[in-house]
Amino acid sequence: MAASVHEISNLIDPVAVAARSEASHLGHKVSQMASYFEPLIMAAIGTASKILSSQQQMAVLDQTKTLAESALQMLYTAKEAGGNPKAAYMQNALEDSVQMMKEAVDDLGATLGEAASAAGAVGGMVDSINHAINKMEDGPADEPDGTFVDYQTTMVKTAKAIAVTVQEMVTKSNSNPDDLGGLANHLTNNFGNLANEAKYAALTAENDEIGSHIKKQVGELGFTCTSLVTKAGALQCSPNDSFTKKELIESARKVSEKVSHVLASLQAGNRGTQACITAASAVAGIIADLDTTIMFATAGTLNRENAETFADHREYILKTAKALVEDTKLLVSGAGASQERLAQAAQSSVSTITKLADVVKLGAASLGSEDPETQVVLINAVKDVAKALGNLISATKAAAGKPHDDPSMLQLKSSAKVMVTNVTSLLKTVKAVEDEATKGTRALEATIEHIKQELTVFCSSDPPPKTTTPEEFIRMTKGITVATAKAVAAGNSCRQEDIIATANLSRRAIADMLHSCK
């Protein structure tokens, strides 16, 4: 019965093609398809008589009837179309009937798979896995719709689902062997999806070597899956056979190992994107560390080590910040370059921002805990650079491999401009930090730039990371009142310390209010 369904499935598209534009082949293809229905009907009756569940019996018979009816409808439509390419009015009807027949075939195939797995018959599943491997090796019949990243994401999910199913099979082999057939069927379906995605992933990979490696690893996974499915069928038939149980556990171990190889091959094919994900995570950690340092500085506990001064660190801060600008250029160009270059750019930028954050923290500490507001200004400046770098890395990941006119490329350029602006702001802050006449003005300028960037985020369509209650929002607006009073007082006193404190307080109050409002 499964063989008849398979042959009918293979003839749906050839009949449709002949009905659209190949009148000379239409009669032969229709006769070929019709010849499989008598054996299908006989096999369906025989199969139903062997199934114990009355519900499954009805499902097999009903779905076989549905397949026959959809085939009849398709043949009527094919007759009307008659292989005439000019019969445009029949094309939609033909497309609908083809889709209905494919759905009927899929439904019947799934029901047969479930019935076979429940009985411990795994021959059809092994054939399905081998068929999926062969189709993968032949390559796709049509052009891919997505990018490598799209197929990689789907394949990673499917591979992990296979790993979960394998673990469940090991558990059920001890507790409930009767469930192994259903799990084996689930494993077979997941592998079919994985092999189908692998065709397109190989085609969209950066080079043929990576594509071939992905297909090779998926193929090897398929062969270990056939072994596991076979052992599952054997154990279902002989639940107390300890030798078969050991073989199943060993086969499961091999499948899990091959899944890890598939995941590794996918990461190798997208090394740059993977490096961007790792880099973004590292930058998020640096930002969290700087937030902690700001807390210490605000509390007046960020003390200098020995008798060092800010001048001991100034040059290294400036040198490292300029190196970060070069890394920014490499990141932007890396989006359109190879995965190898993108990975190098991402890793280099993380290394540089780590050095920059460390040396700025040392510089802030060297100012002494008696000037906490200036310490906060300096750490906020490098924190802005780190946030901009995190956004730039995310934009680079999204734009990798995309054409120059893609919207993600515009977002990348915008992120790069913000990055350069924030590095420039840091350089100005470093130069002004010991200048009593200008450091207050510089702090205000940095705060104004930060508020502009926060407003850009506020106006964007990106959803906020968390939600806030109206009561919390009202509480956040009180910070604006305090900051306004502080600004008026600083304007009256004209003291640098008051102006810097106003800049720090205003920055925090506005950012908190915007986050809470969104």
# chains A, B, ... in the order shown; residues from 1 in each chain; ligands from 1
>>> residues_around(residues="A:Ile129", least_positions_apart="2", cutoff="10 Å", atoms="only C-alpha atoms", output="list in words")
Gly124, Met125, Val126, Asp127, His131, Ala132, Ile133, Asn134, Lys135, Leu187, Thr188, Asn189, Asn190, Phe191, Gly192, Ala195, Gly219, Gly222, Phe223, Cys225, Thr226 and Val229 of chain A
>>> write_last_selection(atoms="all heavy atoms", output="short mmCIF file (atom, residue, chain, number, x, y, z; two decimals), in the first residue's frame")
data_model
loop_
_atom_site.label_atom_id
_atom_site.label_comp_id
_atom_site.auth_asym_id
_atom_site.auth_seq_id
_atom_site.Cartn_x
_atom_site.Cartn_y
_atom_site.Cartn_z
N GLY A 124 9.00 0.66 6.17
CA GLY A 124 8.62 1.89 5.47
C GLY A 124 9.39 3.10 5.95
O GLY A 124 9.75 3.98 5.17
N MET A 125 9.68 3.13 7.26
CA MET A 125 10.44 4.26 7.81
C MET A 125 11.88 4.26 7.31
O MET A 125 12.43 5.29 6.95
CB MET A 125 10.44 4.19 9.34
CG MET A 125 9.08 4.36 9.97
SD MET A 125 9.23 4.34 11.76
CE MET A 125 7.75 3.46 12.18
N VAL A 126 12.48 3.08 7.27
CA VAL A 126 13.85 2.96 6.76
C VAL A 126 13.89 3.42 5.30
O VAL A 126 14.80 4.15 4.88
CB VAL A 126 14.36 1.51 6.90
CG1 VAL A 126 15.69 1.33 6.17
CG2 VAL A 126 14.50 1.14 8.37
N ASP A 127 12.91 2.99 4.52
CA ASP A 127 12.83 3.41 3.10
C ASP A 127 12.68 4.93 3.00
O ASP A 127 13.29 5.56 2.13
CB ASP A 127 11.65 2.74 2.40
CG ASP A 127 11.88 1.24 2.19
OD1 ASP A 127 13.06 0.82 2.30
OD2 ASP A 127 10.90 0.51 1.94
N HIS A 131 15.20 7.37 1.17
CA HIS A 131 14.67 8.20 0.08
C HIS A 131 15.03 9.67 0.30
O HIS A 131 15.41 10.39 -0.63
CB HIS A 131 13.16 8.02 -0.02
CG HIS A 131 12.52 8.83 -1.10
ND1 HIS A 131 12.79 8.62 -2.45
CD2 HIS A 131 11.62 9.85 -1.06
CE1 HIS A 131 12.09 9.48 -3.18
NE2 HIS A 131 11.38 10.25 -2.36
N ALA A 132 14.92 10.12 1.58
CA ALA A 132 15.26 11.51 1.92
C ALA A 132 16.74 11.79 1.66
O ALA A 132 17.11 12.86 1.15
CB ALA A 132 14.93 11.78 3.38
N ILE A 133 17.60 10.80 1.98
CA ILE A 133 19.05 10.96 1.74
C ILE A 133 19.31 11.08 0.24
O ILE A 133 20.08 11.95 -0.22
CB ILE A 133 19.85 9.78 2.34
CG1 ILE A 133 19.73 9.78 3.87
CG2 ILE A 133 21.31 9.84 1.93
CD1 ILE A 133 20.28 8.55 4.54
N ASN A 134 18.67 10.20 -0.56
CA ASN A 134 18.88 10.22 -2.01
C ASN A 134 18.41 11.53 -2.63
O ASN A 134 19.06 12.10 -3.52
CB ASN A 134 18.15 9.04 -2.66
CG ASN A 134 18.77 7.71 -2.28
OD1 ASN A 134 19.96 7.64 -1.94
ND2 ASN A 134 17.99 6.64 -2.29
N LYS A 135 17.25 12.03 -2.16
CA LYS A 135 16.73 13.30 -2.68
C LYS A 135 17.66 14.46 -2.33
O LYS A 135 17.86 15.38 -3.12
CB LYS A 135 15.34 13.57 -2.11
CG LYS A 135 14.22 12.87 -2.88
CD LYS A 135 12.85 13.25 -2.36
CE LYS A 135 12.46 14.64 -2.80
NZ LYS A 135 11.08 14.99 -2.39
N LEU A 187 10.91 10.47 14.55
CA LEU A 187 12.32 10.64 14.16
C LEU A 187 12.46 10.64 12.64
O LEU A 187 13.18 11.47 12.07
CB LEU A 187 13.15 9.51 14.77
CG LEU A 187 14.63 9.43 14.37
CD1 LEU A 187 15.40 10.61 14.96
CD2 LEU A 187 15.25 8.13 14.85
N THR A 188 11.74 9.73 11.98
CA THR A 188 11.79 9.64 10.51
C THR A 188 11.30 10.92 9.87
O THR A 188 11.92 11.45 8.93
CB THR A 188 10.93 8.45 10.04
OG1 THR A 188 11.41 7.25 10.66
CG2 THR A 188 10.99 8.29 8.53
N ASN A 189 10.18 11.46 10.36
CA ASN A 189 9.63 12.70 9.80
C ASN A 189 10.58 13.87 10.00
O ASN A 189 10.79 14.69 9.09
CB ASN A 189 8.28 13.02 10.45
CG ASN A 189 7.21 12.01 10.06
OD1 ASN A 189 7.30 11.37 9.02
ND2 ASN A 189 6.20 11.85 10.91
N ASN A 190 11.18 13.94 11.19
CA ASN A 190 12.12 15.04 11.47
C ASN A 190 13.35 14.95 10.57
O ASN A 190 13.84 15.97 10.07
CB ASN A 190 12.57 15.01 12.94
CG ASN A 190 11.61 15.73 13.84
OD1 ASN A 190 10.85 16.59 13.40
ND2 ASN A 190 11.61 15.40 15.12
N PHE A 191 13.83 13.71 10.35
CA PHE A 191 15.00 13.58 9.49
C PHE A 191 14.66 13.98 8.05
O PHE A 191 15.48 14.61 7.35
CB PHE A 191 15.57 12.16 9.50
CG PHE A 191 16.76 12.04 8.58
CD1 PHE A 191 17.99 12.52 8.97
CD2 PHE A 191 16.62 11.51 7.29
CE1 PHE A 191 19.08 12.47 8.09
CE2 PHE A 191 17.69 11.47 6.42
CZ PHE A 191 18.93 11.94 6.83
N GLY A 192 13.45 13.63 7.59
CA GLY A 192 13.02 14.03 6.24
C GLY A 192 13.04 15.54 6.08
O GLY A 192 13.52 16.07 5.07
N ALA A 195 16.79 16.74 6.01
CA ALA A 195 17.44 16.47 4.73
C ALA A 195 16.95 17.43 3.65
O ALA A 195 17.73 17.88 2.79
CB ALA A 195 17.18 15.02 4.31
N GLY A 219 23.83 13.07 5.73
CA GLY A 219 23.73 11.71 5.19
C GLY A 219 24.17 10.66 6.21
O GLY A 219 23.50 9.64 6.39
N GLY A 222 21.59 10.22 8.76
CA GLY A 222 20.49 9.40 8.23
C GLY A 222 20.76 7.91 8.35
O GLY A 222 19.87 7.15 8.76
N PHE A 223 21.98 7.51 8.05
CA PHE A 223 22.32 6.07 8.11
C PHE A 223 22.27 5.57 9.56
O PHE A 223 21.84 4.43 9.82
CB PHE A 223 23.70 5.82 7.51
CG PHE A 223 23.75 6.05 6.02
CD1 PHE A 223 24.72 6.86 5.45
CD2 PHE A 223 22.78 5.49 5.18
CE1 PHE A 223 24.75 7.09 4.08
CE2 PHE A 223 22.80 5.71 3.80
CZ PHE A 223 23.78 6.52 3.26
N CYS A 225 20.32 6.85 11.81
CA CYS A 225 18.88 6.85 12.14
C CYS A 225 18.20 5.57 11.67
O CYS A 225 17.33 5.02 12.37
CB CYS A 225 18.18 8.06 11.51
SG CYS A 225 18.47 9.62 12.37
N THR A 226 18.59 5.07 10.47
CA THR A 226 17.99 3.82 9.98
C THR A 226 18.30 2.67 10.93
O THR A 226 17.45 1.82 11.20
CB THR A 226 18.50 3.47 8.56
OG1 THR A 226 19.92 3.36 8.58
CG2 THR A 226 18.08 4.50 7.54
N VAL A 229 16.10 3.11 14.07
CA VAL A 229 14.70 2.77 13.77
C VAL A 229 14.52 1.25 13.68
O VAL A 229 13.54 0.69 14.19
CB VAL A 229 14.25 3.46 12.46
CG1 VAL A 229 12.94 2.88 11.94
CG2 VAL A 229 14.09 4.96 12.68
#
>>> residues_around(residues="A:Gln267", least_positions_apart="5", cutoff="10 Å", atoms="only C-alpha atoms", output="list of chain:residue names")
A:Gln152, A:Val156, A:Ile214, A:His261, A:Val262, A:Gly272, A:Thr273, A:Gln274, A:Ala275
>>> closest_atom_pairs(of="stretch 405-466 of chain A", to="stretch 332-341 of chain A", cutoff="9 Å", atoms="only C-alpha atoms", output="CSV")
residue,atom,partner,partner_atom,distance
A:Met409,CA,A:Ala335,CA,8.6
A:Leu412,CA,A:Val332,CA,7.1
A:Lys413,CA,A:Val332,CA,7.5
A:Ala416,CA,A:Val332,CA,7.2
>>> closest_residue(among="A:Thr429, A:Thr421, A:Ser175, A:Ser366", to="A:Ala388", atoms="only C-alpha atoms")
A:Thr421
>>> residues_around(residues="stretch 235-250 of chain A", least_positions_apart="6", cutoff="7 Å", atoms="only C-alpha atoms", output="number ranges by chain")
A: 120, 170, 173, 177-178, 180, 228
>>> residues_around(residues="A:Ala2", least_positions_apart="6", cutoff="10 Å", atoms="only C-alpha atoms", output="PDB file with N, CA and C atoms, in the first residue's frame")
ATOM      1  N   ILE A   8       2.008   6.979  -6.781  1.00  0.00           N
ATOM      2  CA  ILE A   8       0.984   7.970  -7.143  1.00  0.00           C
ATOM      3  C   ILE A   8       1.506   9.379  -6.845  1.00  0.00           C
ATOM      4  N   LEU A  40      -3.888  -0.173  -4.930  1.00  0.00           N
ATOM      5  CA  LEU A  40      -4.002   0.633  -3.706  1.00  0.00           C
ATOM      6  C   LEU A  40      -5.272   0.269  -2.945  1.00  0.00           C
ATOM      7  N   ALA A  43      -4.996  -3.194  -1.428  1.00  0.00           N
ATOM      8  CA  ALA A  43      -4.063  -3.187  -0.288  1.00  0.00           C
ATOM      9  C   ALA A  43      -4.683  -2.474   0.915  1.00  0.00           C
ATOM     10  N   ALA A  44      -5.485  -1.411   0.656  1.00  0.00           N
ATOM     11  CA  ALA A  44      -6.128  -0.677   1.749  1.00  0.00           C
ATOM     12  C   ALA A  44      -7.104  -1.573   2.499  1.00  0.00           C
ATOM     13  N   LEU A 108      -2.621  10.326   4.010  1.00  0.00           N
ATOM     14  CA  LEU A 108      -2.649   8.859   3.989  1.00  0.00           C
ATOM     15  C   LEU A 108      -1.282   8.286   4.361  1.00  0.00           C
ATOM     16  N   GLY A 109      -0.220   8.916   3.858  1.00  0.00           N
ATOM     17  CA  GLY A 109       1.137   8.464   4.188  1.00  0.00           C
ATOM     18  C   GLY A 109       1.416   8.552   5.678  1.00  0.00           C
ATOM     19  N   LEU A 112      -0.527   5.765   7.512  1.00  0.00           N
ATOM     20  CA  LEU A 112       0.134   4.467   7.301  1.00  0.00           C
ATOM     21  C   LEU A 112       1.385   4.357   8.175  1.00  0.00           C
ATOM     22  N   GLY A 113       2.134   5.472   8.254  1.00  0.00           N
ATOM     23  CA  GLY A 113       3.341   5.464   9.086  1.00  0.00           C
ATOM     24  C   GLY A 113       3.014   5.199  10.546  1.00  0.00           C
ATOM     25  N   GLY A 124       9.002   0.662   6.165  1.00  0.00           N
ATOM     26  CA  GLY A 124       8.615   1.891   5.466  1.00  0.00           C
ATOM     27  C   GLY A 124       9.390   3.100   5.954  1.00  0.00           C
TER      28      GLY A 124
END
>>> residues_around(residues="A:Val385", least_positions_apart="5", cutoff="7 Å", atoms="only C-alpha atoms", output="ChimeraX atom specification")
/A:419,422-423
>>> closest_residue(among="A:Ser349, A:Ala487, A:Ile480, A:Ala511", to="A:Val457", atoms="only C-alpha atoms")
A:Ala511
